[in-house]
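Asker: For reference, the file structure_1.txt (compact mmCIF, C-alpha atoms and all ligand atoms) is included below:
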```txt
# COMPACT_ATOMS: atom_id res chain seq x y z
CA MET A 1 -21.77 22.23 22.78
CA PRO A 2 -22.57 20.60 19.40
CA GLN A 3 -21.03 17.17 18.77
CA LEU A 4 -18.84 16.00 15.91
CA ALA A 5 -20.28 13.28 13.69
CA ALA A 6 -19.92 9.76 15.10
CA ARG A 7 -17.76 8.76 12.13
CA ILE A 8 -15.03 11.10 13.32
CA GLY A 9 -14.86 9.13 16.56
CA ARG A 10 -14.18 6.05 14.44
CA ALA A 11 -11.49 7.75 12.32
CA LYS A 12 -8.00 7.43 13.77
CA PRO A 13 -4.93 9.34 12.67
CA SER A 14 -2.46 7.15 10.79
CA ALA A 15 -0.29 5.01 13.12
CA ILE A 16 2.51 5.18 10.56
CA MET A 17 2.51 8.96 10.66
CA ALA A 18 2.66 8.83 14.50
CA VAL A 19 5.93 6.86 14.41
CA ALA A 20 7.32 9.12 11.70
CA GLU A 21 6.43 12.19 13.80
CA LYS A 22 8.13 10.78 16.90
CA ALA A 23 11.26 9.98 14.89
CA LYS A 24 11.22 13.52 13.48
CA ARG A 25 10.90 15.02 16.98
CA LEU A 26 13.86 13.00 18.29
CA LYS A 27 15.89 14.06 15.28
CA ALA A 28 15.05 17.71 15.94
CA GLU A 29 16.32 17.17 19.50
CA GLY A 30 19.65 16.19 18.00
CA ARG A 31 19.35 12.37 18.14
CA ASP A 32 20.88 10.30 15.36
CA ILE A 33 17.75 8.68 13.90
CA ILE A 34 17.43 6.17 11.07
CA SER A 35 13.88 5.86 9.87
CA PHE A 36 12.52 2.59 8.52
CA SER A 37 9.02 3.85 9.16
CA ILE A 38 7.41 5.52 6.20
CA GLY A 39 6.81 3.96 2.78
CA VAL A 40 7.92 6.88 0.67
CA PRO A 41 10.12 6.06 -2.31
CA ASN A 42 13.44 7.90 -1.94
CA PHE A 43 13.62 9.11 -5.52
CA LEU A 44 12.11 11.84 -7.64
CA PRO A 45 10.55 11.60 -11.08
CA GLY A 46 12.62 12.45 -14.17
CA PRO A 47 13.00 16.03 -15.53
CA HIS A 48 10.35 15.40 -18.23
CA VAL A 49 7.72 15.24 -15.46
CA TYR A 50 8.68 18.64 -14.06
CA GLU A 51 8.83 20.09 -17.57
CA ALA A 52 5.29 18.85 -18.31
CA ALA A 53 4.06 20.39 -15.06
CA ARG A 54 5.75 23.71 -15.94
CA GLN A 55 4.14 23.72 -19.37
CA ALA A 56 0.74 22.98 -17.82
CA VAL A 57 1.16 26.06 -15.63
CA GLU A 58 2.04 28.15 -18.72
CA LYS A 59 -1.01 26.85 -20.62
CA ASP A 60 -3.39 27.02 -17.67
CA SER A 61 -6.85 28.29 -18.58
CA GLY A 62 -7.99 28.54 -14.97
CA GLN A 63 -11.04 26.37 -15.73
CA TYR A 64 -12.37 23.40 -13.82
CA GLY A 65 -11.26 20.07 -15.28
CA SER A 66 -13.03 16.81 -16.09
CA ASN A 67 -14.44 14.85 -13.11
CA ARG A 68 -13.10 11.64 -14.64
CA GLY A 69 -9.75 13.02 -15.77
CA PRO A 70 -8.60 14.49 -19.11
CA ASP A 71 -8.75 12.16 -22.13
CA ALA A 72 -4.99 12.25 -22.60
CA LEU A 73 -4.49 11.01 -19.04
CA LEU A 74 -7.11 8.26 -19.39
CA ASP A 75 -5.43 7.11 -22.60
CA ALA A 76 -2.06 7.08 -20.84
CA LEU A 77 -3.55 5.02 -17.98
CA LEU A 78 -5.03 2.55 -20.46
CA LEU A 79 -1.66 2.14 -22.20
CA HIS A 80 0.02 1.75 -18.82
CA ILE A 81 -2.23 -1.13 -17.78
CA GLU A 82 -1.99 -2.73 -21.22
CA LYS A 83 1.71 -3.22 -20.48
CA ILE A 84 0.72 -5.58 -17.66
CA GLY A 85 -1.75 -7.44 -19.85
CA LEU A 86 -4.97 -5.66 -18.86
CA THR A 87 -6.44 -4.97 -22.30
CA GLY A 88 -9.85 -4.14 -23.73
CA TYR A 89 -10.73 -1.35 -21.32
CA THR A 90 -11.86 2.11 -22.48
CA ARG A 91 -11.96 5.57 -20.94
CA ALA A 92 -15.42 4.74 -19.56
CA ASN A 93 -13.80 2.08 -17.36
CA CYS A 94 -11.47 4.61 -15.70
CA ALA A 95 -11.73 7.08 -12.83
CA THR A 96 -9.02 9.13 -11.18
CA GLY A 97 -8.60 10.47 -7.65
CA ILE A 98 -6.25 12.33 -5.30
CA GLY A 99 -4.03 9.26 -4.85
CA ALA A 100 -5.10 5.63 -4.60
CA LYS A 101 -6.11 6.30 -1.00
CA HIS A 102 -8.79 8.68 -2.19
CA VAL A 103 -9.90 6.18 -4.84
CA ILE A 104 -10.27 3.50 -2.13
CA TYR A 105 -12.27 5.92 0.01
CA ASN A 106 -14.51 6.70 -2.97
CA LEU A 107 -14.93 2.97 -3.64
CA ALA A 108 -15.96 2.43 -0.03
CA GLU A 109 -18.61 5.10 -0.45
CA ALA A 110 -19.71 3.78 -3.83
CA LEU A 111 -19.90 0.07 -2.93
CA LEU A 112 -20.68 -0.15 0.78
CA ASP A 113 -23.84 0.90 2.58
CA GLU A 114 -23.64 1.20 6.38
CA GLY A 115 -23.44 -2.29 7.86
CA ASP A 116 -22.30 -4.00 4.64
CA THR A 117 -19.27 -6.26 4.98
CA ILE A 118 -15.84 -5.75 3.52
CA ALA A 119 -13.40 -8.69 3.77
CA PHE A 120 -9.64 -8.41 3.57
CA PRO A 121 -6.55 -10.41 4.57
CA VAL A 122 -4.47 -9.58 7.65
CA PRO A 123 -1.85 -8.06 7.66
CA TYR A 124 -3.56 -5.22 5.80
CA TRP A 125 -2.60 -1.71 4.78
CA THR A 126 -3.63 0.49 7.74
CA SER A 127 -6.03 2.74 5.84
CA TYR A 128 -8.28 -0.18 4.82
CA MET A 129 -9.47 -0.51 8.40
CA ASP A 130 -9.80 3.22 8.94
CA ILE A 131 -11.74 3.78 5.73
CA ALA A 132 -14.05 0.83 6.51
CA GLU A 133 -14.69 2.28 9.95
CA ILE A 134 -15.41 5.76 8.62
CA VAL A 135 -18.10 4.45 6.25
CA ASN A 136 -19.40 2.20 9.06
CA ALA A 137 -18.88 -1.06 7.20
CA LYS A 138 -18.47 -4.37 8.99
CA VAL A 139 -14.99 -5.77 8.60
CA GLN A 140 -14.34 -9.47 8.01
CA LEU A 141 -10.66 -10.19 8.66
CA LEU A 142 -8.86 -13.14 7.07
CA PRO A 143 -5.78 -13.86 9.19
CA CYS A 144 -2.64 -14.77 7.24
CA PRO A 145 0.21 -15.11 9.77
CA ALA A 146 3.92 -15.50 9.02
CA SER A 147 3.50 -19.29 9.34
CA GLN A 148 1.52 -19.20 6.06
CA ASN A 149 3.87 -16.70 4.44
CA TYR A 150 1.33 -13.92 5.06
CA LYS A 151 -0.68 -15.28 2.13
CA LEU A 152 -4.35 -16.08 1.82
CA THR A 153 -5.18 -19.68 0.91
CA PRO A 154 -7.98 -20.61 -1.50
CA GLN A 155 -9.69 -22.53 1.30
CA GLN A 156 -9.68 -19.47 3.57
CA LEU A 157 -11.04 -17.36 0.76
CA ASP A 158 -13.77 -19.89 0.05
CA GLU A 159 -14.87 -19.93 3.69
CA ALA A 160 -14.86 -16.12 3.79
CA MET A 161 -16.75 -15.68 0.50
CA ALA A 162 -19.41 -18.15 1.64
CA LYS A 163 -20.40 -15.48 4.17
CA LYS A 164 -21.14 -13.20 1.18
CA PRO A 165 -19.19 -10.01 1.93
CA LYS A 166 -20.18 -7.13 -0.35
CA VAL A 167 -16.54 -6.35 -1.11
CA PHE A 168 -13.33 -8.38 -1.06
CA LEU A 169 -10.26 -6.14 -0.90
CA PHE A 170 -6.98 -7.71 -1.94
CA ASN A 171 -3.54 -6.14 -2.04
CA ASN A 172 -0.73 -7.59 -4.17
CA PRO A 173 2.24 -6.98 -3.81
CA SER A 174 1.49 -6.36 -0.16
CA ASN A 175 2.09 -3.44 2.09
CA PRO A 176 3.20 -4.29 4.84
CA THR A 177 4.61 -7.75 4.03
CA GLY A 178 6.11 -7.30 0.54
CA MET A 179 4.70 -10.72 -0.36
CA VAL A 180 3.71 -11.35 -3.98
CA TYR A 181 1.26 -14.01 -5.10
CA THR A 182 2.51 -16.27 -7.88
CA LYS A 183 0.51 -16.81 -11.05
CA ASP A 184 -0.68 -20.21 -9.78
CA GLU A 185 -1.75 -18.74 -6.45
CA ILE A 186 -3.72 -15.99 -8.18
CA ILE A 187 -5.41 -18.54 -10.44
CA ALA A 188 -6.39 -20.66 -7.43
CA LEU A 189 -7.89 -17.61 -5.67
CA ALA A 190 -9.63 -16.45 -8.86
CA ASP A 191 -11.19 -19.92 -9.21
CA VAL A 192 -12.80 -19.37 -5.81
CA LEU A 193 -13.95 -15.83 -6.62
CA VAL A 194 -15.87 -16.89 -9.75
CA LYS A 195 -18.17 -18.92 -7.50
CA TYR A 196 -19.39 -15.82 -5.64
CA PRO A 197 -20.94 -13.41 -8.16
CA ASP A 198 -22.36 -11.02 -5.54
CA THR A 199 -19.03 -9.77 -4.23
CA TRP A 200 -17.09 -6.85 -5.69
CA ILE A 201 -13.34 -7.41 -5.83
CA ILE A 202 -10.93 -4.53 -5.31
CA ALA A 203 -7.41 -5.39 -6.47
CA ASP A 204 -5.10 -2.84 -4.84
CA ASP A 205 -2.09 -3.53 -7.01
CA ILE A 206 -0.30 -0.21 -6.71
CA TYR A 207 3.10 -1.93 -6.31
CA ASN A 208 2.64 -3.95 -9.51
CA ARG A 209 5.88 -2.64 -11.11
CA MET A 210 7.93 -3.24 -7.97
CA LEU A 211 8.62 -6.97 -8.35
CA PHE A 212 11.88 -8.81 -7.72
CA ASP A 213 13.61 -12.05 -8.68
CA GLY A 214 12.24 -11.89 -12.23
CA LEU A 215 8.69 -12.44 -10.96
CA GLU A 216 5.91 -11.39 -13.34
CA TYR A 217 2.83 -9.54 -12.23
CA TYR A 218 -0.47 -11.39 -12.48
CA ASN A 219 -4.02 -10.62 -11.40
CA PHE A 220 -7.57 -11.97 -11.16
CA VAL A 221 -8.76 -10.62 -14.52
CA LEU A 222 -5.84 -12.24 -16.34
CA ALA A 223 -6.56 -15.48 -14.48
CA ARG A 224 -10.33 -15.59 -15.04
CA PRO A 225 -11.54 -13.00 -17.59
CA GLU A 226 -15.15 -13.56 -16.49
CA LEU A 227 -14.24 -11.69 -13.29
CA ARG A 228 -13.77 -8.47 -15.31
CA ASP A 229 -17.33 -7.33 -14.46
CA ARG A 230 -16.48 -7.34 -10.76
CA VAL A 231 -12.77 -6.59 -10.43
CA ILE A 232 -11.73 -3.03 -9.77
CA PHE A 233 -8.01 -2.61 -10.44
CA LEU A 234 -6.19 0.15 -8.55
CA ASP A 235 -2.95 1.86 -9.41
CA SER A 236 -1.11 5.01 -8.39
CA LEU A 237 1.81 7.12 -9.46
CA SER A 238 3.06 7.46 -5.89
CA LYS A 239 5.36 4.48 -5.55
CA THR A 240 6.24 3.61 -9.15
CA TYR A 241 7.27 7.09 -10.21
CA GLY A 242 8.47 8.59 -6.90
CA MET A 243 5.47 10.95 -6.86
CA PRO A 244 3.62 10.36 -3.57
CA GLY A 245 3.07 14.06 -2.90
CA TRP A 246 1.64 14.75 -6.36
CA ARG A 247 -1.45 12.69 -5.44
CA LEU A 248 -2.66 10.86 -8.51
CA GLY A 249 -4.31 7.46 -8.31
CA PHE A 250 -6.77 5.68 -10.53
CA MET A 251 -9.06 2.72 -10.98
CA VAL A 252 -9.90 0.66 -14.03
CA GLY A 253 -12.91 -1.62 -13.81
CA PRO A 254 -16.64 -1.96 -14.48
CA GLU A 255 -18.17 1.11 -16.14
CA GLN A 256 -20.86 1.56 -13.49
CA VAL A 257 -18.22 1.68 -10.74
CA ALA A 258 -16.08 4.18 -12.64
CA LYS A 259 -19.18 6.30 -13.25
CA ALA A 260 -20.05 6.23 -9.53
CA LEU A 261 -16.55 7.50 -8.71
CA VAL A 262 -16.83 10.25 -11.30
CA THR A 263 -20.09 11.33 -9.65
CA LEU A 264 -18.40 11.34 -6.23
CA ASN A 265 -15.53 13.37 -7.69
CA SER A 266 -18.02 15.87 -9.08
CA ASN A 267 -19.29 16.37 -5.53
CA HIS A 268 -16.02 16.15 -3.61
CA ILE A 269 -13.00 17.36 -5.52
CA THR A 270 -14.34 18.20 -9.02
CA ASN A 271 -11.04 17.20 -10.61
CA VAL A 272 -7.47 16.20 -9.89
CA PRO A 273 -5.48 19.42 -10.51
CA GLU A 274 -4.49 19.82 -14.17
CA VAL A 275 -0.82 20.36 -13.33
CA VAL A 276 -0.81 16.98 -11.60
CA ASN A 277 -2.61 15.37 -14.53
CA ALA A 278 0.00 16.77 -16.94
CA ALA A 279 2.83 15.49 -14.74
CA GLY A 280 1.07 12.12 -14.56
CA ILE A 281 0.79 11.82 -18.34
CA ALA A 282 4.50 12.59 -18.66
CA ALA A 283 5.42 10.00 -16.01
CA LEU A 284 3.24 7.31 -17.58
CA THR A 285 4.29 7.89 -21.18
CA GLY A 286 7.88 9.08 -20.73
CA PRO A 287 11.08 7.11 -20.19
CA GLN A 288 10.60 4.24 -17.74
CA ASP A 289 14.24 3.98 -16.66
CA VAL A 290 13.69 5.40 -13.15
CA PRO A 291 11.19 2.71 -12.03
CA ASP A 292 13.33 0.04 -13.73
CA GLN A 293 16.51 1.15 -11.93
CA LYS A 294 14.70 1.41 -8.62
CA ARG A 295 13.48 -2.15 -8.88
CA VAL A 296 17.09 -3.35 -9.09
CA GLU A 297 18.12 -1.11 -6.19
CA PHE A 298 15.22 -2.20 -3.99
CA GLN A 299 15.89 -5.86 -4.67
CA ALA A 300 19.48 -5.43 -3.42
CA LYS A 301 18.18 -3.62 -0.32
CA ARG A 302 15.64 -6.38 0.29
CA ASP A 303 18.52 -8.88 0.25
CA GLN A 304 20.48 -6.79 2.75
CA VAL A 305 17.51 -6.65 5.15
CA MET A 306 16.79 -10.37 4.77
CA ASP A 307 20.41 -11.32 5.54
CA VAL A 308 20.06 -9.59 8.90
CA MET A 309 16.56 -10.95 9.65
CA ASN A 310 17.72 -14.50 8.90
CA ALA A 311 20.68 -14.04 11.24
CA ILE A 312 18.59 -13.13 14.30
CA PRO A 313 17.58 -16.25 16.25
CA GLY A 314 13.82 -16.67 16.63
CA VAL A 315 12.80 -14.01 14.12
CA VAL A 316 10.48 -15.43 11.46
CA CYS A 317 10.54 -13.47 8.25
CA PRO A 318 8.94 -14.66 5.01
CA ARG A 319 11.02 -13.42 2.08
CA PRO A 320 9.29 -10.54 0.26
CA GLN A 321 9.42 -10.38 -3.52
CA GLY A 322 7.96 -6.95 -4.10
CA ALA A 323 7.14 -3.45 -2.85
CA PHE A 324 9.73 -2.12 -0.37
CA TYR A 325 8.79 -3.62 2.97
CA VAL A 326 9.93 -6.47 5.18
CA PHE A 327 7.63 -7.70 7.93
CA PRO A 328 9.48 -9.84 10.49
CA ASP A 329 7.60 -11.66 13.24
CA ILE A 330 9.55 -10.48 16.31
CA SER A 331 7.31 -12.09 18.94
CA VAL A 332 10.35 -14.05 20.21
CA ALA A 333 11.29 -10.77 21.94
CA PHE A 334 8.06 -10.54 23.95
CA GLY A 335 8.53 -11.05 27.69
CA LYS A 336 12.18 -9.96 27.50
CA THR A 337 13.94 -6.83 28.75
CA HIS A 338 16.37 -4.60 26.91
CA GLY A 339 19.47 -5.02 29.13
CA PRO A 340 21.16 -1.59 28.79
CA THR A 341 17.96 0.50 29.26
CA GLY A 342 15.80 -1.87 31.33
CA ALA A 343 12.89 -1.39 28.90
CA LYS A 344 10.38 -4.22 29.16
CA ILE A 345 9.11 -5.65 25.88
CA GLU A 346 5.60 -7.00 26.23
CA ASN A 347 4.40 -6.34 22.68
CA ASP A 348 5.21 -4.81 19.30
CA VAL A 349 4.58 -1.24 20.44
CA ASP A 350 6.98 -1.65 23.40
CA PHE A 351 9.52 -3.15 21.02
CA CYS A 352 9.33 -0.26 18.55
CA ASN A 353 9.43 2.36 21.31
CA ALA A 354 12.42 0.76 23.01
CA LEU A 355 14.23 0.32 19.68
CA LEU A 356 13.67 3.98 18.82
CA GLU A 357 14.70 5.23 22.27
CA ALA A 358 17.74 2.97 22.63
CA LYS A 359 19.06 2.79 19.08
CA GLY A 360 17.38 5.61 17.18
CA VAL A 361 15.78 3.21 14.68
CA ALA A 362 12.13 3.83 13.76
CA CYS A 363 9.91 0.94 12.62
CA VAL A 364 6.11 0.66 12.56
CA PRO A 365 4.49 -1.75 15.05
CA GLY A 366 2.69 -4.61 13.31
CA SER A 367 -0.53 -3.91 15.21
CA ALA A 368 -1.00 -0.91 12.88
CA PHE A 369 -1.49 -3.57 10.17
CA GLY A 370 -3.52 -5.96 12.33
CA GLU A 371 -0.57 -8.26 13.14
CA PRO A 372 0.83 -7.46 16.62
CA ARG A 373 3.52 -10.16 16.48
CA ALA A 374 5.45 -8.28 13.81
CA LEU A 375 6.84 -4.91 12.81
CA ARG A 376 7.31 -3.26 9.44
CA ILE A 377 10.66 -2.21 8.06
CA SER A 378 10.42 0.10 5.07
CA TYR A 379 13.80 0.09 3.35
CA THR A 380 13.31 3.20 1.25
CA CYS A 381 15.77 5.13 3.44
CA PRO A 382 18.92 6.47 1.73
CA THR A 383 21.12 3.44 0.92
CA PRO A 384 24.06 4.49 3.18
CA GLN A 385 21.69 4.45 6.20
CA LEU A 386 20.49 0.90 5.63
CA ALA A 387 23.50 -1.08 6.90
CA PRO A 388 24.00 0.98 10.11
CA GLY A 389 20.25 0.87 10.81
CA LEU A 390 20.20 -2.91 10.41
CA GLN A 391 23.27 -3.26 12.57
CA ARG A 392 21.58 -1.32 15.37
CA PHE A 393 18.47 -3.51 14.96
CA GLN A 394 20.59 -6.62 15.33
CA GLU A 395 22.46 -5.20 18.34
CA PHE A 396 19.16 -4.37 20.01
CA PHE A 397 18.05 -7.99 19.67
CA ALA A 398 21.37 -9.22 21.05
CA GLU A 399 20.92 -7.00 24.11
CA LEU A 400 17.54 -8.51 25.06
CA VAL A 401 17.59 -10.66 28.20
N1 LIG B 501 -2.57 1.06 -1.25
C1 LIG B 501 -1.47 0.61 -0.63
C2 LIG B 501 -1.29 -0.85 -0.46
C3 LIG B 501 -0.49 1.51 -0.17
O1 LIG B 501 0.62 1.05 0.42
C4 LIG B 501 -0.70 2.90 -0.35
C5 LIG B 501 0.26 3.87 0.16
O2 LIG B 501 1.10 3.61 1.00
C6 LIG B 501 -1.86 3.31 -1.02
C7 LIG B 501 -2.78 2.38 -1.45
C8 LIG B 501 -2.15 4.77 -1.26
O3 LIG B 501 -1.32 5.29 -2.22
P1 LIG B 501 -1.48 6.78 -2.74
O4 LIG B 501 -0.23 7.49 -2.39
O5 LIG B 501 -1.70 6.67 -4.22
O6 LIG B 501 -2.68 7.36 -2.07
```
If you convert what's in this file into structure tokens, what do you get?
Ligand code: PLP
Answerer:
Amino acid sequence: MPQLAARIGRAKPSAIMAVAEKAKRLKAEGRDIISFSIGVPNFLPGPHVYEAARQAVEKDSGQYGSNRGPDALLDALLLHIEKIGLTGYTRANCATGIGAKHVIYNLAEALLDEGDTIAFPVPYWTSYMDIAEIVNAKVQLLPCPASQNYKLTPQQLDEAMAKKPKVFLFNNPSNPTGMVYTKDEIIALADVLVKYPDTWIIADDIYNRMLFDGLEYYNFVLARPELRDRVIFLDSLSKTYGMPGWRLGFMVGPEQVAKALVTLNSNHITNVPEVVNAAGIAALTGPQDVPDQKRVEFQAKRDQVMDVMNAIPGVVCPRPQGAFYVFPDISVAFGKTHGPTGAKIENDVDFCNALLEAKGVACVPGSAFGEPRALRISYTCPTPQLAPGLQRFQEFFAELV
């Protein structure tokens, strides 16, 4: 019997999808399930996006498209990032992909040889680890527990960079914690990064429009323009425009990196489908009221979740200021038993299983993000489900003995 490639043994199916699947199965069995598991925005793009897609179908020539992306899309991306202060880039600095996930995968292939090191903070977005493992990179983890607000300190970064990783991957605002680095914190980290010219920096900033409390987005290039030759900025239409299934992500950064991704595209996907590109242009250049409204709505939901987290004794929960996740440290529950069902809670996975079985609330165990003391609540569920879901969460805690 022939064997699969070793890399497949290292690739694991998404832990987030596993929870979502279990919740779906229980729902199909007739259980009343509230899902806080998956990070899918619960809104759709405006009608102009669908109209642009329809017109693209009408005008379709049936030809292959550009490996980099059509000029009109690249221009729209450049305008989009100008709005957050990233100016002076050209089409040659851009590359597109089938979602930011695909762009990250391409970057891993373009920047990391087998055995090279990629460093990133913990908690991390699950796919970072899986992608690193698939390309057989060494992973250098930088632990940032709840006690330090899930944020990387300049000193930690300095110690990590001194080991000369090939790539430093940074995510702000963060999935799973929702934490956002302030301008001063970004400047302090950027000051460290300038000292290590041999490390590429990937800034996964796909939640950059999802900021609360009047906070303004900031990044390494704005902080230290000399980092521009090494910073690869990532963005995606998925979360900002309610378009996760359309699959359009992009990078803006050094020309040689963009060119490498275009070459990979030419060998993998050829091009992002033209209908998707047309929808993307419409989303980027059309009315921005949907993302603006959603920001207000998500901030109110964040407050609702935080009120409950703060009211549960022993739960430690740094207050998120972006994205749509809350990441409470629930380790106070470990070693306890859920009274009504007798379920023993030894760790985050037990906790999430018992919560789902007993109360029908689905959350993702923190170990999926490298932090087994916590769990992730995604509050993108329909608004009327949020309060009852939180109430069940609170009840579950009260029933632990
Ligand atoms: N980066 C982070 C931090 C994410 O949370 C996600 C999706 O959840 C992605 C990248 C991938 O986004 P996309 O849908 O564009 O592939």
Asker: Excluding Asn149 in chain A and residues on its chain fewer than 2 positions from it, collect all residues at most 10 Å away from it, counting only C-alpha atoms, and give them as a PyMOL selection string.
Answerer: chain A and resi 144-147+151-152+177+179-180+316-320
Asker: Using only C-alpha atoms and all ligand atoms, I'd like a table of the residues in chain A that come within 9 Å of ligand LIG 501 (chain B); for each, show the closest atom pair and its distance in Å rounded to one decimal, ordered by chain and ascending number, as CSV.
Answerer:
```
residue,atom,partner,partner_atom,distance
A:Ile38,CA,B:LIG501,O2,8.4
A:Gly39,CA,B:LIG501,O2,6.0
A:Val40,CA,B:LIG501,O2,7.6
A:Gly97,CA,B:LIG501,O5,8.6
A:Ile98,CA,B:LIG501,O6,6.9
A:Gly99,CA,B:LIG501,O5,3.5
A:Ala100,CA,B:LIG501,O5,3.6
A:Lys101,CA,B:LIG501,O6,3.7
A:His102,CA,B:LIG501,O6,6.3
A:Val103,CA,B:LIG501,O6,7.8
A:Ile104,CA,B:LIG501,C7,7.6
A:Tyr124,CA,B:LIG501,C2,8.0
A:Trp125,CA,B:LIG501,C2,5.5
A:Thr126,CA,B:LIG501,O1,8.5
A:Ser127,CA,B:LIG501,C7,8.0
A:Tyr128,CA,B:LIG501,N1,8.4
A:Asn171,CA,B:LIG501,C2,6.0
A:Asn172,CA,B:LIG501,C2,7.7
A:Pro173,CA,B:LIG501,C2,7.8
A:Ser174,CA,B:LIG501,C2,6.2
A:Asn175,CA,B:LIG501,C2,5.0
A:Pro176,CA,B:LIG501,O1,7.4
A:Asp204,CA,B:LIG501,N1,5.9
A:Asp205,CA,B:LIG501,C2,7.1
A:Ile206,CA,B:LIG501,N1,6.0
A:Tyr207,CA,B:LIG501,C2,7.4
A:Leu234,CA,B:LIG501,C7,8.2
A:Asp235,CA,B:LIG501,O5,7.2
A:Ser236,CA,B:LIG501,O5,4.5
A:Leu237,CA,B:LIG501,O5,6.3
A:Ser238,CA,B:LIG501,O4,4.8
A:Lys239,CA,B:LIG501,O4,7.1
A:Met243,CA,B:LIG501,O4,8.0
A:Pro244,CA,B:LIG501,O4,4.9
A:Gly245,CA,B:LIG501,O4,7.4
A:Trp246,CA,B:LIG501,O4,8.5
A:Arg247,CA,B:LIG501,O5,6.1
A:Leu248,CA,B:LIG501,O5,6.1
A:Gly249,CA,B:LIG501,O5,4.9
A:Phe250,CA,B:LIG501,O5,8.2
A:Ala323,CA,B:LIG501,O1,8.6
```
Asker: Any idea what the distance is between CA of Glu51 in chain A and CA of Ser266 in chain A?
Answerer: 28.5 Å
Asker: For Ile202 in chain A, which residue out of A:Pro154, A:Gly342, A:Gly242, A:Gly253 is the nearest one, using all atoms listed in the file?
Answerer: A:Gly253
Asker: Excluding Val49 in chain A and its own-chain neighbours fewer than 3 positions away, which residues fall within 12 Å of it when counting all atoms listed in the file? Please give them as a list of chain:residue names.
Answerer: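 Once the adjacent positions are removed, what remains is A:Leu44, A:Pro45, A:Gly46, A:Ala52, A:Ala53, A:Arg54, A:Gln55, A:Ala56, A:Leu237, A:Tyr241, A:Gly242, A:Met243, A:Trp246, A:Val275, A:Val276, A:Asn277, A:Ala278, A:Ala279, A:Gly280, A:Ile281, A:Ala282, A:Ala283, A:Leu284, A:Thr285, A:Gly286, A:Pro287, A:Gln288, A:Val290.
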Asker: Do you have the CA of Ile330 in chain A-CA of Val296 in chain A distance handy?
Answerer: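 According to the coordinates, CA of Ile330 in chain A and CA of Val296 in chain A are separated by 27.4 Å.
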Asker: Calculated over all atoms listed in the file, which of the candidates A:Gly335, A:Pro197, A:Pro365, A:Gly322 has the smallest distance to Gln299 in chain A?
Answerer: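 Answer, going by the shortest atom-to-atom distance: A:Gly322.
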Asker: Find the residues around Lys12 in chain A up to 12 Å (all atoms listed in the file counted), leave out those fewer than 4 positions away in its own chain, and share them as a list in words.
Answerer: Arg7, Ile8, Ile16, Met17, Ala18, Thr126, Ser127, Tyr128, Met129, Asp130, Ile131, Ala132, Glu133, Ile134 and Ala368 of chain A
Asker: To one decimal place in Å, what is the distance between CA of Ala362 in chain A and CA of Arg295 in chain A?
Answerer: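 A separation of 23.5 Å between them.
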Asker: Using only C-alpha atoms, which residue out of A:Val135, A:Ala11, A:Ile232, A:Ala160 lies closest to Glu255 in chain A?
Answerer: A:Ile232
Asker: Find the residue from A:Phe369, A:Phe396, A:Phe298, A:Phe168 that sits nearest to Asp116 in chain A; use all atoms listed in the file when measuring.
Answerer: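 Answer, going by the shortest atom-to-atom distance: A:Phe168.
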Asker: Tell me which of A:Tyr150, A:Trp200, A:Tyr379, A:Tyr181 sits closest to Glu216 in chain A, counting all atoms listed in the file.
Answerer: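 Once distances to Glu216 in chain A are computed over all atoms listed in the file, the minimum belongs to A:Tyr181.
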Asker: Can you pull out every residue within 8 Å of Leu356 in chain A, counting all atoms listed in the file, but drop anything in the same chain fewer than 6 positions away, and send it as a PyMOL selection string?
Answerer: chain A and resi 23+33+362-363
Asker: Quick one: write out the picked residues with C-alpha atoms as a PDB file, in the frame of the given file?
Answerer:
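After the write, selection_7.pdb holds the following:
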```pdb
ATOM      1  CA  ALA A  23      11.260   9.980  14.890  1.00  0.00           C
ATOM      2  CA  ILE A  33      17.750   8.680  13.900  1.00  0.00           C
ATOM      3  CA  ALA A 362      12.130   3.830  13.760  1.00  0.00           C
ATOM      4  CA  CYS A 363       9.910   0.940  12.620  1.00  0.00           C
TER       5      CYS A 363
END
```
Asker: Give as a VMD selection string every residue, naming chains and numbers as the document does, that has an atom within 10 Å of (-14.8, 0.8, -4.4), counting only C-alpha atoms.
Answerer: chain A and resid 103 to 112 167 to 169 200 to 203 231 to 234 251 253 257 to 258 260 to 261
Asker: Tell me, as a list of chain:residue names, which residues lie within 10 Å of Gln394 in chain A, counting all atoms listed in the file; anything in the same chain fewer than 4 positions away does not count.
Answerer: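 Once the nearby chain positions are removed, what remains is A:Val308, A:Met309, A:Ala311, A:Ile312, A:Pro388, A:Gly389, A:Leu390, A:Ala398, A:Glu399.
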Asker: Of the candidates A:Leu26, A:Leu78, A:Val305, A:Leu211, which shows the shortest atom-to-atom distance to Glu357 in chain A, using only C-alpha atoms?
Answerer: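 Closest to Glu357 in chain A of all the choices is A:Leu26.
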Asker: Go ahead and find all residues with at least one atom no further than 9 Å from (15.6, 7.5, -3.0) in the file's coordinates, using all atoms listed in the file; report them as a PyMOL selection string.
Answerer: chain A and resi 40-44+242+294+380-383
Asker: Using C-alpha atoms, can you export the residues from the last selection as a CSV table (one decimal), in the frame of the given file?
Answerer:
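Output file again.csv follows:
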```csv
chain,number,residue,atom,x,y,z
A,40,VAL,CA,7.9,6.9,0.7
A,41,PRO,CA,10.1,6.1,-2.3
A,42,ASN,CA,13.4,7.9,-1.9
A,43,PHE,CA,13.6,9.1,-5.5
A,44,LEU,CA,12.1,11.8,-7.6
A,242,GLY,CA,8.5,8.6,-6.9
A,294,LYS,CA,14.7,1.4,-8.6
A,380,THR,CA,13.3,3.2,1.2
A,381,CYS,CA,15.8,5.1,3.4
A,382,PRO,CA,18.9,6.5,1.7
A,383,THR,CA,21.1,3.4,0.9
```
